[in-house]
Each structure stands twice: as C-alpha cells, then as structure tokens.
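Chemist: Contents of upload33.cif (mmCIF, N, CA and C atoms) are below:
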data_query
#
loop_
_atom_site.label_atom_id
_atom_site.label_comp_id
_atom_site.auth_asym_id
_atom_site.auth_seq_id
_atom_site.Cartn_x
_atom_site.Cartn_y
_atom_site.Cartn_z
N MET K 1 11.30 0.95 18.74
CA MET K 1 9.86 1.11 18.74
C MET K 1 9.36 1.59 17.36
N SER K 2 10.13 2.45 16.71
CA SER K 2 9.73 2.96 15.39
C SER K 2 9.67 1.85 14.36
N ARG K 3 10.55 0.88 14.48
CA ARG K 3 10.55 -0.24 13.53
C ARG K 3 9.29 -1.08 13.69
N ILE K 4 8.83 -1.24 14.92
CA ILE K 4 7.60 -1.99 15.18
C ILE K 4 6.40 -1.21 14.64
N ILE K 5 6.40 0.09 14.85
CA ILE K 5 5.32 0.94 14.32
C ILE K 5 5.29 0.86 12.80
N TYR K 6 6.47 0.91 12.20
CA TYR K 6 6.57 0.81 10.74
C TYR K 6 5.96 -0.51 10.27
N PHE K 7 6.31 -1.60 10.95
CA PHE K 7 5.78 -2.91 10.59
C PHE K 7 4.25 -2.91 10.64
N TYR K 8 3.69 -2.39 11.72
CA TYR K 8 2.23 -2.40 11.85
C TYR K 8 1.56 -1.48 10.83
N LEU K 9 2.20 -0.38 10.48
CA LEU K 9 1.66 0.46 9.41
C LEU K 9 1.66 -0.31 8.09
N ALA K 10 2.72 -1.08 7.84
CA ALA K 10 2.79 -1.88 6.61
C ALA K 10 1.69 -2.93 6.59
N VAL K 11 1.44 -3.57 7.73
CA VAL K 11 0.37 -4.57 7.82
C VAL K 11 -0.98 -3.92 7.57
N ILE K 12 -1.22 -2.79 8.21
CA ILE K 12 -2.49 -2.07 8.03
C ILE K 12 -2.69 -1.71 6.57
N PHE K 13 -1.62 -1.23 5.93
CA PHE K 13 -1.73 -0.85 4.53
C PHE K 13 -2.07 -2.07 3.66
N ALA K 14 -1.40 -3.20 3.88
CA ALA K 14 -1.68 -4.41 3.09
C ALA K 14 -3.12 -4.89 3.31
N LEU K 15 -3.59 -4.83 4.54
CA LEU K 15 -4.97 -5.23 4.82
C LEU K 15 -5.96 -4.29 4.15
N CYS K 16 -5.67 -3.01 4.17
CA CYS K 16 -6.54 -2.04 3.51
C CYS K 16 -6.59 -2.29 2.00
N LEU K 17 -5.47 -2.68 1.43
CA LEU K 17 -5.45 -3.01 0.00
C LEU K 17 -6.37 -4.19 -0.30
N ALA K 18 -6.34 -5.19 0.57
CA ALA K 18 -7.21 -6.35 0.36
C ALA K 18 -8.67 -5.93 0.43
N VAL K 19 -9.00 -5.07 1.38
CA VAL K 19 -10.38 -4.57 1.49
C VAL K 19 -10.73 -3.76 0.24
N GLN K 20 -9.80 -2.96 -0.23
CA GLN K 20 -10.04 -2.13 -1.41
C GLN K 20 -10.35 -3.00 -2.64
N VAL K 21 -9.60 -4.07 -2.80
CA VAL K 21 -9.85 -4.98 -3.93
C VAL K 21 -11.22 -5.65 -3.76
N PHE K 22 -11.55 -6.04 -2.54
CA PHE K 22 -12.87 -6.63 -2.28
C PHE K 22 -13.97 -5.65 -2.66
N LEU K 23 -13.81 -4.38 -2.28
CA LEU K 23 -14.83 -3.38 -2.58
C LEU K 23 -14.99 -3.18 -4.08
N ALA K 24 -13.89 -3.23 -4.81
CA ALA K 24 -13.97 -3.12 -6.27
C ALA K 24 -14.71 -4.33 -6.85
N GLY K 25 -14.35 -5.50 -6.39
CA GLY K 25 -15.02 -6.70 -6.86
C GLY K 25 -16.50 -6.71 -6.51
N TYR K 26 -16.83 -6.24 -5.32
CA TYR K 26 -18.23 -6.17 -4.90
C TYR K 26 -19.02 -5.25 -5.83
N ALA K 27 -18.43 -4.11 -6.13
CA ALA K 27 -19.12 -3.15 -7.00
C ALA K 27 -19.24 -3.68 -8.43
N ILE K 28 -18.25 -4.41 -8.90
CA ILE K 28 -18.28 -4.92 -10.27
C ILE K 28 -19.23 -6.12 -10.40
N PHE K 29 -19.16 -7.03 -9.45
CA PHE K 29 -19.89 -8.29 -9.61
C PHE K 29 -21.21 -8.39 -8.83
N VAL K 30 -21.41 -7.54 -7.84
CA VAL K 30 -22.61 -7.67 -7.00
C VAL K 30 -23.54 -6.47 -7.13
N ASP K 31 -23.01 -5.27 -6.84
CA ASP K 31 -23.88 -4.10 -6.79
C ASP K 31 -23.12 -2.86 -7.25
N PRO K 32 -23.30 -2.45 -8.49
CA PRO K 32 -22.57 -1.28 -9.02
C PRO K 32 -22.84 0.01 -8.25
N VAL K 33 -23.95 0.07 -7.55
CA VAL K 33 -24.27 1.27 -6.76
C VAL K 33 -23.24 1.47 -5.65
N LYS K 34 -22.58 0.40 -5.24
CA LYS K 34 -21.60 0.46 -4.15
C LYS K 34 -20.21 0.91 -4.61
N TRP K 35 -20.08 1.35 -5.84
CA TRP K 35 -18.76 1.77 -6.35
C TRP K 35 -18.18 2.90 -5.50
N ASP K 36 -19.03 3.72 -4.92
CA ASP K 36 -18.55 4.80 -4.05
C ASP K 36 -17.74 4.27 -2.87
N TYR K 37 -18.06 3.06 -2.41
CA TYR K 37 -17.28 2.48 -1.31
C TYR K 37 -15.82 2.33 -1.72
N HIS K 38 -15.61 1.87 -2.93
CA HIS K 38 -14.24 1.68 -3.44
C HIS K 38 -13.52 3.02 -3.59
N THR K 39 -14.20 4.00 -4.16
CA THR K 39 -13.55 5.29 -4.40
C THR K 39 -13.38 6.11 -3.13
N THR K 40 -14.17 5.83 -2.11
CA THR K 40 -14.06 6.56 -0.85
C THR K 40 -13.08 5.91 0.11
N PHE K 41 -13.05 4.59 0.14
CA PHE K 41 -12.20 3.89 1.10
C PHE K 41 -10.73 4.22 0.92
N VAL K 42 -10.29 4.43 -0.30
CA VAL K 42 -8.88 4.74 -0.54
C VAL K 42 -8.46 6.01 0.20
N LYS K 43 -9.36 6.93 0.38
CA LYS K 43 -9.03 8.18 1.07
C LYS K 43 -8.70 7.94 2.54
N ILE K 44 -9.10 6.80 3.07
CA ILE K 44 -8.80 6.47 4.47
C ILE K 44 -7.35 6.03 4.63
N PHE K 45 -6.80 5.33 3.64
CA PHE K 45 -5.47 4.76 3.84
C PHE K 45 -4.41 5.24 2.85
N GLU K 46 -4.74 6.15 1.96
CA GLU K 46 -3.78 6.55 0.93
C GLU K 46 -2.53 7.23 1.48
N TYR K 47 -2.61 7.79 2.68
CA TYR K 47 -1.45 8.48 3.25
C TYR K 47 -0.63 7.60 4.20
N VAL K 48 -1.04 6.36 4.39
CA VAL K 48 -0.26 5.46 5.25
C VAL K 48 1.19 5.35 4.77
N PRO K 49 1.47 5.26 3.46
CA PRO K 49 2.88 5.21 3.04
C PRO K 49 3.67 6.46 3.44
N ILE K 50 3.02 7.60 3.51
CA ILE K 50 3.72 8.81 3.96
C ILE K 50 4.07 8.70 5.44
N PHE K 51 3.14 8.16 6.25
CA PHE K 51 3.44 7.92 7.66
C PHE K 51 4.56 6.90 7.79
N MET K 52 4.55 5.89 6.91
CA MET K 52 5.62 4.90 6.92
C MET K 52 6.96 5.56 6.60
N LEU K 53 6.95 6.48 5.65
CA LEU K 53 8.18 7.19 5.28
C LEU K 53 8.71 7.99 6.47
N ILE K 54 7.83 8.70 7.14
CA ILE K 54 8.23 9.49 8.31
C ILE K 54 8.80 8.59 9.40
N VAL K 55 8.10 7.50 9.68
CA VAL K 55 8.55 6.57 10.72
C VAL K 55 9.87 5.91 10.32
N SER K 56 10.09 5.72 9.02
CA SER K 56 11.35 5.10 8.58
C SER K 56 12.55 5.99 8.93
N PHE K 57 12.34 7.30 8.89
CA PHE K 57 13.41 8.20 9.30
C PHE K 57 13.60 8.16 10.81
N LEU K 58 12.50 8.15 11.55
CA LEU K 58 12.58 8.12 13.01
C LEU K 58 13.24 6.84 13.51
N GLY K 59 12.96 5.73 12.84
CA GLY K 59 13.51 4.45 13.24
C GLY K 59 14.84 4.13 12.62
N ARG K 60 15.37 5.07 11.85
CA ARG K 60 16.64 4.88 11.16
C ARG K 60 16.66 3.58 10.37
N LEU K 61 15.57 3.35 9.66
CA LEU K 61 15.49 2.17 8.80
C LEU K 61 16.40 2.35 7.60
N PRO K 62 16.75 1.27 6.95
CA PRO K 62 17.61 1.39 5.75
C PRO K 62 16.96 2.28 4.69
N ALA K 63 17.79 2.92 3.91
CA ALA K 63 17.30 3.82 2.86
C ALA K 63 16.36 3.10 1.91
N SER K 64 16.59 1.81 1.69
CA SER K 64 15.71 1.06 0.78
C SER K 64 14.26 1.07 1.28
N MET K 65 14.06 1.02 2.60
CA MET K 65 12.71 1.05 3.15
C MET K 65 12.06 2.41 2.91
N ARG K 66 12.86 3.44 2.98
CA ARG K 66 12.33 4.79 2.70
C ARG K 66 11.87 4.89 1.25
N TRP K 67 12.71 4.39 0.36
CA TRP K 67 12.37 4.43 -1.07
C TRP K 67 11.15 3.58 -1.37
N LEU K 68 11.06 2.44 -0.72
CA LEU K 68 9.91 1.57 -0.94
C LEU K 68 8.62 2.24 -0.46
N SER K 69 8.68 2.90 0.68
CA SER K 69 7.50 3.61 1.20
C SER K 69 7.09 4.73 0.24
N PHE K 70 8.07 5.46 -0.22
CA PHE K 70 7.79 6.54 -1.17
C PHE K 70 7.23 5.98 -2.48
N SER K 71 7.75 4.83 -2.89
CA SER K 71 7.25 4.18 -4.11
C SER K 71 5.78 3.80 -3.99
N LEU K 72 5.38 3.33 -2.81
CA LEU K 72 3.96 3.03 -2.59
C LEU K 72 3.11 4.27 -2.82
N PHE K 73 3.55 5.38 -2.27
CA PHE K 73 2.79 6.63 -2.43
C PHE K 73 2.72 7.03 -3.90
N LEU K 74 3.84 6.91 -4.62
CA LEU K 74 3.83 7.24 -6.05
C LEU K 74 2.90 6.33 -6.84
N LEU K 75 2.88 5.06 -6.49
CA LEU K 75 1.98 4.13 -7.17
C LEU K 75 0.51 4.46 -6.90
N ILE K 76 0.22 4.94 -5.70
CA ILE K 76 -1.16 5.37 -5.41
C ILE K 76 -1.52 6.56 -6.29
N MET K 77 -0.58 7.47 -6.47
CA MET K 77 -0.84 8.61 -7.35
C MET K 77 -1.04 8.12 -8.79
N LEU K 78 -0.30 7.09 -9.19
CA LEU K 78 -0.50 6.49 -10.51
C LEU K 78 -1.90 5.90 -10.63
N MET K 79 -2.39 5.32 -9.55
CA MET K 79 -3.76 4.78 -9.55
C MET K 79 -4.77 5.89 -9.83
N TYR K 80 -4.60 7.01 -9.17
CA TYR K 80 -5.49 8.14 -9.41
C TYR K 80 -5.40 8.59 -10.87
N ALA K 81 -4.18 8.62 -11.40
CA ALA K 81 -4.00 9.06 -12.79
C ALA K 81 -4.67 8.10 -13.76
N THR K 82 -4.49 6.80 -13.54
CA THR K 82 -5.10 5.85 -14.46
C THR K 82 -6.63 5.88 -14.38
N ALA K 83 -7.15 6.16 -13.20
CA ALA K 83 -8.61 6.23 -13.05
C ALA K 83 -9.16 7.49 -13.70
N SER K 84 -8.45 8.60 -13.56
CA SER K 84 -8.99 9.86 -14.08
C SER K 84 -8.73 10.05 -15.57
N LEU K 85 -7.73 9.39 -16.12
CA LEU K 85 -7.42 9.53 -17.55
C LEU K 85 -8.25 8.61 -18.44
N THR K 86 -9.03 7.76 -17.82
CA THR K 86 -9.78 6.76 -18.59
C THR K 86 -10.71 7.39 -19.61
N SER K 87 -11.29 8.54 -19.29
CA SER K 87 -12.21 9.17 -20.24
C SER K 87 -11.46 9.72 -21.47
N GLN K 88 -10.22 10.22 -21.28
CA GLN K 88 -9.44 10.73 -22.40
C GLN K 88 -8.67 9.62 -23.12
N ALA K 89 -8.18 8.67 -22.37
CA ALA K 89 -7.40 7.56 -22.93
C ALA K 89 -7.87 6.26 -22.28
N PRO K 90 -8.83 5.60 -22.88
CA PRO K 90 -9.40 4.40 -22.27
C PRO K 90 -8.37 3.32 -21.90
N ILE K 91 -7.27 3.27 -22.63
CA ILE K 91 -6.24 2.27 -22.32
C ILE K 91 -5.65 2.50 -20.93
N ALA K 92 -5.70 3.73 -20.43
CA ALA K 92 -5.16 4.03 -19.10
C ALA K 92 -5.89 3.22 -18.04
N GLY K 93 -7.18 3.01 -18.22
CA GLY K 93 -7.95 2.23 -17.26
C GLY K 93 -7.48 0.80 -17.14
N ALA K 94 -6.93 0.27 -18.23
CA ALA K 94 -6.43 -1.11 -18.20
C ALA K 94 -5.21 -1.24 -17.29
N PHE K 95 -4.49 -0.15 -17.09
CA PHE K 95 -3.32 -0.18 -16.21
C PHE K 95 -3.69 -0.05 -14.74
N HIS K 96 -4.92 0.34 -14.46
CA HIS K 96 -5.36 0.52 -13.07
C HIS K 96 -5.22 -0.78 -12.27
N PRO K 97 -5.76 -1.91 -12.72
CA PRO K 97 -5.58 -3.13 -11.93
C PRO K 97 -4.13 -3.64 -11.94
N VAL K 98 -3.38 -3.33 -12.98
CA VAL K 98 -1.97 -3.73 -13.01
C VAL K 98 -1.21 -2.97 -11.92
N ALA K 99 -1.48 -1.69 -11.81
CA ALA K 99 -0.85 -0.88 -10.75
C ALA K 99 -1.28 -1.39 -9.38
N ALA K 100 -2.53 -1.82 -9.25
CA ALA K 100 -3.00 -2.38 -7.97
C ALA K 100 -2.21 -3.63 -7.60
N LEU K 101 -1.93 -4.48 -8.60
CA LEU K 101 -1.11 -5.66 -8.34
C LEU K 101 0.30 -5.28 -7.89
N LEU K 102 0.87 -4.28 -8.53
CA LEU K 102 2.21 -3.82 -8.14
C LEU K 102 2.20 -3.29 -6.71
N ILE K 103 1.18 -2.53 -6.37
CA ILE K 103 1.09 -1.98 -5.01
C ILE K 103 0.96 -3.11 -3.99
N PHE K 104 0.11 -4.09 -4.29
CA PHE K 104 -0.06 -5.19 -3.34
C PHE K 104 1.22 -5.99 -3.19
N TRP K 105 1.86 -6.32 -4.31
CA TRP K 105 3.12 -7.06 -4.25
C TRP K 105 4.16 -6.29 -3.45
N LEU K 106 4.28 -5.01 -3.71
CA LEU K 106 5.26 -4.18 -3.00
C LEU K 106 4.92 -4.09 -1.51
N SER K 107 3.64 -3.98 -1.19
CA SER K 107 3.26 -3.88 0.22
C SER K 107 3.58 -5.17 0.97
N ILE K 108 3.41 -6.31 0.33
CA ILE K 108 3.76 -7.59 0.97
C ILE K 108 5.28 -7.68 1.16
N ALA K 109 6.04 -7.29 0.15
CA ALA K 109 7.50 -7.30 0.26
C ALA K 109 7.96 -6.38 1.39
N ILE K 110 7.37 -5.20 1.49
CA ILE K 110 7.72 -4.25 2.55
C ILE K 110 7.36 -4.82 3.91
N THR K 111 6.19 -5.43 4.01
CA THR K 111 5.75 -6.00 5.29
C THR K 111 6.72 -7.09 5.75
N ARG K 112 7.15 -7.93 4.83
CA ARG K 112 8.10 -8.99 5.20
C ARG K 112 9.43 -8.40 5.66
N LYS K 113 9.94 -7.39 4.94
CA LYS K 113 11.19 -6.75 5.34
C LYS K 113 11.03 -6.04 6.68
N ALA K 114 9.90 -5.38 6.86
CA ALA K 114 9.65 -4.65 8.11
C ALA K 114 9.58 -5.61 9.29
N TRP K 115 8.98 -6.78 9.07
CA TRP K 115 8.93 -7.77 10.15
C TRP K 115 10.34 -8.18 10.56
N ARG K 116 11.18 -8.44 9.57
CA ARG K 116 12.56 -8.83 9.87
C ARG K 116 13.29 -7.73 10.64
N LEU K 117 13.09 -6.49 10.23
CA LEU K 117 13.77 -5.39 10.92
C LEU K 117 13.25 -5.19 12.34
N ALA K 118 11.96 -5.44 12.55
CA ALA K 118 11.36 -5.18 13.85
C ALA K 118 11.53 -6.34 14.83
N TYR K 119 11.46 -7.56 14.33
CA TYR K 119 11.36 -8.70 15.25
C TYR K 119 12.45 -9.76 15.14
N GLN K 120 13.14 -9.82 14.03
CA GLN K 120 14.16 -10.86 13.89
C GLN K 120 15.45 -10.39 14.55
N PRO K 121 15.98 -11.20 15.46
CA PRO K 121 17.22 -10.80 16.13
C PRO K 121 18.36 -10.61 15.12
N ALA K 122 19.25 -9.71 15.44
CA ALA K 122 20.39 -9.44 14.55
C ALA K 122 21.23 -10.70 14.41
N GLY K 123 21.67 -10.96 13.20
CA GLY K 123 22.53 -12.11 12.95
C GLY K 123 21.77 -13.39 12.64
N VAL K 124 20.46 -13.42 12.85
CA VAL K 124 19.68 -14.62 12.54
C VAL K 124 19.18 -14.51 11.11
N GLN K 125 19.44 -15.55 10.33
CA GLN K 125 18.99 -15.53 8.95
C GLN K 125 17.75 -16.38 8.80
N GLU K 126 16.85 -15.91 7.93
CA GLU K 126 15.63 -16.64 7.65
C GLU K 126 15.92 -17.80 6.73
N VAL K 127 15.31 -18.94 6.98
CA VAL K 127 15.54 -20.12 6.14
C VAL K 127 14.50 -20.20 5.05
#
Please express what this file holds, its structure, as structure tokens.

Modeler:
Amino acid sequence: MSRIIYFYLAVIFALCLAVQVFLAGYAIFVDPVKWDYHTTFVKIFEYVPIFMLIVSFLGRLPASMRWLSFSLFLLIMLMYATASLTSQAPIAGAFHPVAALLIFWLSIAITRKAWRLAYQPAGVQEV
C-alpha cells in the first residue's frame, strides 16, 4: 500500500509542477499582478517530497527512491536560493528555470519508477 501511496504522491507532485510553471508563464505573459499565485502555490506542494521520503521508508522502497525524493526537496531549496539571491547576484535568477527543468525531469523519472514498483508484477520487464 505504501508503494501505491508513494506513486500517487509522485503524480501529485508532477502535476503541481506543471501548474506552477503555468502560473509563472501566466504572470510573465498575461498579468504580472498574478505573480503572487506562483510564489504562493509552491507553499502548497513543497513538502510533498518529504512525505514521499517518509513513505519510501514505510514501503521499504529501494534506497535510490529515498535519495531521489530527498533530491527533489534539495532542488526546491535551490529554487528558493536562486529566487532570493537574484538581487545580490542577478545570474542566480538565470538558474531558477534550469532548476525547474531538473525538478520536472526528476519528478517524471521518479513517477515512472514508482509506477513500476507499485503496479508492475515482479519479474515483468517493460518493453
């Protein structure tokens, strides 16, 4: 059951990332007043990787899944750092969308692995 919960947490996190990118794009290209939506929405899902980490222990998932969950959390902290350092070091802001790409790529990779652990029968290989 923990593996299934982990999978759904990974899906929720990936979906939240897509919404977060949409909110950034909306604020940049449509209405800059809505930038608060982008900066506030992250507070709703930023701890999902920590819940994933906890569930990974409960479900006895492979250590790699634990490290990947923890890596997501570290990358979110990097996002905060790149956003807050922009006033002192403008180049830091340029890494913000790069870190977002890394987080999204990692979340998709985790979701795929989590699906295999939760739903693919043992011994069956994906083609």

Chemist: Could you state the separation of atom C of Thr86 of chain K and atom C of Leu68 of chain K in Å, given to one decimal place?

Modeler: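 Result for atom C of Thr86 of chain K versus atom C of Leu68 of chain K: 27.7 Å, one decimal.
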
Chemist: Of the candidates K:Ala10, K:Leu15, K:Leu117, K:Leu75, which shows the shortest atom-to-atom distance to Val48 of chain K, using all atoms listed in the file?

Modeler: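 Of K:Ala10, K:Leu15, K:Leu117, K:Leu75, the one nearest Val48 of chain K is K:Ala10, counting all atoms listed in the file.
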
Chemist: Would you return as a PyMOL selection string the members of segment 40-122 of chain K that DSSP assigns to alpha helix (DSSP H) on this structure's backbone?

Modeler: chain K and resi 40-45+48-58+63-84+90-119

Chemist: For this structure, which residues satisfy the selection - the PyMOL selection byres ((chain K and resi 111) around 8) - when it is evaluated on the file as given? I want them as number ranges by chain.

Modeler: K: 6-11, 14, 105-110, 112-117

Chemist: I'd like to see the residues matched by the PyMOL selection byres (((chain K and resi 17 and name CA) around 9) and name CA) on this file, and ideally I'd get them as a PDB file with N, CA and C atoms, in the frame of the given file.

Modeler:
ATOM      1  N   ILE K  12      -1.220  -2.790   8.210  1.00  0.00           N
ATOM      2  CA  ILE K  12      -2.490  -2.070   8.030  1.00  0.00           C
ATOM      3  C   ILE K  12      -2.690  -1.710   6.570  1.00  0.00           C
ATOM      4  N   PHE K  13      -1.620  -1.230   5.930  1.00  0.00           N
ATOM      5  CA  PHE K  13      -1.730  -0.850   4.530  1.00  0.00           C
ATOM      6  C   PHE K  13      -2.070  -2.070   3.660  1.00  0.00           C
ATOM      7  N   ALA K  14      -1.400  -3.200   3.880  1.00  0.00           N
ATOM      8  CA  ALA K  14      -1.680  -4.410   3.090  1.00  0.00           C
ATOM      9  C   ALA K  14      -3.120  -4.890   3.310  1.00  0.00           C
ATOM     10  N   LEU K  15      -3.590  -4.830   4.540  1.00  0.00           N
ATOM     11  CA  LEU K  15      -4.970  -5.230   4.820  1.00  0.00           C
ATOM     12  C   LEU K  15      -5.960  -4.290   4.150  1.00  0.00           C
ATOM     13  N   CYS K  16      -5.670  -3.010   4.170  1.00  0.00           N
ATOM     14  CA  CYS K  16      -6.540  -2.040   3.510  1.00  0.00           C
ATOM     15  C   CYS K  16      -6.590  -2.290   2.000  1.00  0.00           C
ATOM     16  N   ALA K  18      -6.340  -5.190   0.570  1.00  0.00           N
ATOM     17  CA  ALA K  18      -7.210  -6.350   0.360  1.00  0.00           C
ATOM     18  C   ALA K  18      -8.670  -5.930   0.430  1.00  0.00           C
ATOM     19  N   VAL K  19      -9.000  -5.070   1.380  1.00  0.00           N
ATOM     20  CA  VAL K  19     -10.380  -4.570   1.490  1.00  0.00           C
ATOM     21  C   VAL K  19     -10.730  -3.760   0.240  1.00  0.00           C
ATOM     22  N   GLN K  20      -9.800  -2.960  -0.230  1.00  0.00           N
ATOM     23  CA  GLN K  20     -10.040  -2.130  -1.410  1.00  0.00           C
ATOM     24  C   GLN K  20     -10.350  -3.000  -2.640  1.00  0.00           C
ATOM     25  N   VAL K  21      -9.600  -4.070  -2.800  1.00  0.00           N
ATOM     26  CA  VAL K  21      -9.850  -4.980  -3.930  1.00  0.00           C
ATOM     27  C   VAL K  21     -11.220  -5.650  -3.760  1.00  0.00           C
ATOM     28  N   PHE K  22     -11.550  -6.040  -2.540  1.00  0.00           N
ATOM     29  CA  PHE K  22     -12.870  -6.630  -2.280  1.00  0.00           C
ATOM     30  C   PHE K  22     -13.970  -5.650  -2.660  1.00  0.00           C
ATOM     31  N   VAL K  42     -10.290   4.430  -0.300  1.00  0.00           N
ATOM     32  CA  VAL K  42      -8.880   4.740  -0.540  1.00  0.00           C
ATOM     33  C   VAL K  42      -8.460   6.010   0.200  1.00  0.00           C
ATOM     34  N   PHE K  45      -6.800   5.330   3.640  1.00  0.00           N
ATOM     35  CA  PHE K  45      -5.470   4.760   3.840  1.00  0.00           C
ATOM     36  C   PHE K  45      -4.410   5.240   2.850  1.00  0.00           C
ATOM     37  N   ALA K 100      -2.530  -1.820  -9.250  1.00  0.00           N
ATOM     38  CA  ALA K 100      -3.000  -2.380  -7.970  1.00  0.00           C
ATOM     39  C   ALA K 100      -2.210  -3.630  -7.600  1.00  0.00           C
ATOM     40  N   ILE K 103       1.180  -2.530  -6.370  1.00  0.00           N
ATOM     41  CA  ILE K 103       1.090  -1.980  -5.010  1.00  0.00           C
ATOM     42  C   ILE K 103       0.960  -3.110  -3.990  1.00  0.00           C
ATOM     43  N   PHE K 104       0.110  -4.090  -4.290  1.00  0.00           N
ATOM     44  CA  PHE K 104      -0.060  -5.190  -3.340  1.00  0.00           C
ATOM     45  C   PHE K 104       1.220  -5.990  -3.190  1.00  0.00           C
ATOM     46  N   SER K 107       3.640  -3.980  -1.190  1.00  0.00           N
ATOM     47  CA  SER K 107       3.260  -3.880   0.220  1.00  0.00           C
ATOM     48  C   SER K 107       3.580  -5.170   0.970  1.00  0.00           C
TER      49      SER K 107
END

Chemist: Between K:Tyr47, K:Tyr37, K:Phe57, K:Tyr26, which is the closest to Phe73 of chain K once you count only C-alpha atoms?

Modeler: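 Of all the options, K:Tyr47 lies closest to Phe73 of chain K.
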
Chemist: Provide the atom CA of His38 of chain K to atom CA of Ala83 of chain K distance in Å, to one decimal place.

Modeler: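 We find that atom CA of His38 of chain K and atom CA of Ala83 of chain K lie 12.0 Å from each other.
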
Chemist: Name the residues captured by the PyMOL selection byres ((chain K and resi 1) around 8) when it is applied to the shown file; answer as a list in words.

Modeler: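 On this input, the PyMOL selection byres ((chain K and resi 1) around 8) captures Ser2, Arg3, Ile4, Ile5, Tyr6, Phe7, Leu58, Gly59 and Ala118 of chain K.
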
Chemist: Show which residues sit within 8 Å of Ser69 of chain K, as a short mmCIF file (atom, residue, chain, number, x, y, z; two decimals) with N, CA and C atoms, in the frame of the given file. Count all atoms listed in the file, and ignore same-chain residues fewer than 3 positions away.

Modeler:
data_model
loop_
_atom_site.label_atom_id
_atom_site.label_comp_id
_atom_site.auth_asym_id
_atom_site.auth_seq_id
_atom_site.Cartn_x
_atom_site.Cartn_y
_atom_site.Cartn_z
N VAL K 48 -1.04 6.36 4.39
CA VAL K 48 -0.26 5.46 5.25
C VAL K 48 1.19 5.35 4.77
N PRO K 49 1.47 5.26 3.46
CA PRO K 49 2.88 5.21 3.04
C PRO K 49 3.67 6.46 3.44
N ILE K 50 3.02 7.60 3.51
CA ILE K 50 3.72 8.81 3.96
C ILE K 50 4.07 8.70 5.44
N PHE K 51 3.14 8.16 6.25
CA PHE K 51 3.44 7.92 7.66
C PHE K 51 4.56 6.90 7.79
N MET K 52 4.55 5.89 6.91
CA MET K 52 5.62 4.90 6.92
C MET K 52 6.96 5.56 6.60
N LEU K 53 6.95 6.48 5.65
CA LEU K 53 8.18 7.19 5.28
C LEU K 53 8.71 7.99 6.47
N ILE K 54 7.83 8.70 7.14
CA ILE K 54 8.23 9.49 8.31
C ILE K 54 8.80 8.59 9.40
N ALA K 63 17.79 2.92 3.91
CA ALA K 63 17.30 3.82 2.86
C ALA K 63 16.36 3.10 1.91
N SER K 64 16.59 1.81 1.69
CA SER K 64 15.71 1.06 0.78
C SER K 64 14.26 1.07 1.28
N MET K 65 14.06 1.02 2.60
CA MET K 65 12.71 1.05 3.15
C MET K 65 12.06 2.41 2.91
N ARG K 66 12.86 3.44 2.98
CA ARG K 66 12.33 4.79 2.70
C ARG K 66 11.87 4.89 1.25
N LEU K 72 5.38 3.33 -2.81
CA LEU K 72 3.96 3.03 -2.59
C LEU K 72 3.11 4.27 -2.82
N PHE K 73 3.55 5.38 -2.27
CA PHE K 73 2.79 6.63 -2.43
C PHE K 73 2.72 7.03 -3.90
N LEU K 74 3.84 6.91 -4.62
CA LEU K 74 3.83 7.24 -6.05
C LEU K 74 2.90 6.33 -6.84
N LEU K 75 2.88 5.06 -6.49
CA LEU K 75 1.98 4.13 -7.17
C LEU K 75 0.51 4.46 -6.90
N ILE K 110 7.37 -5.20 1.49
CA ILE K 110 7.72 -4.25 2.55
C ILE K 110 7.36 -4.82 3.91
#
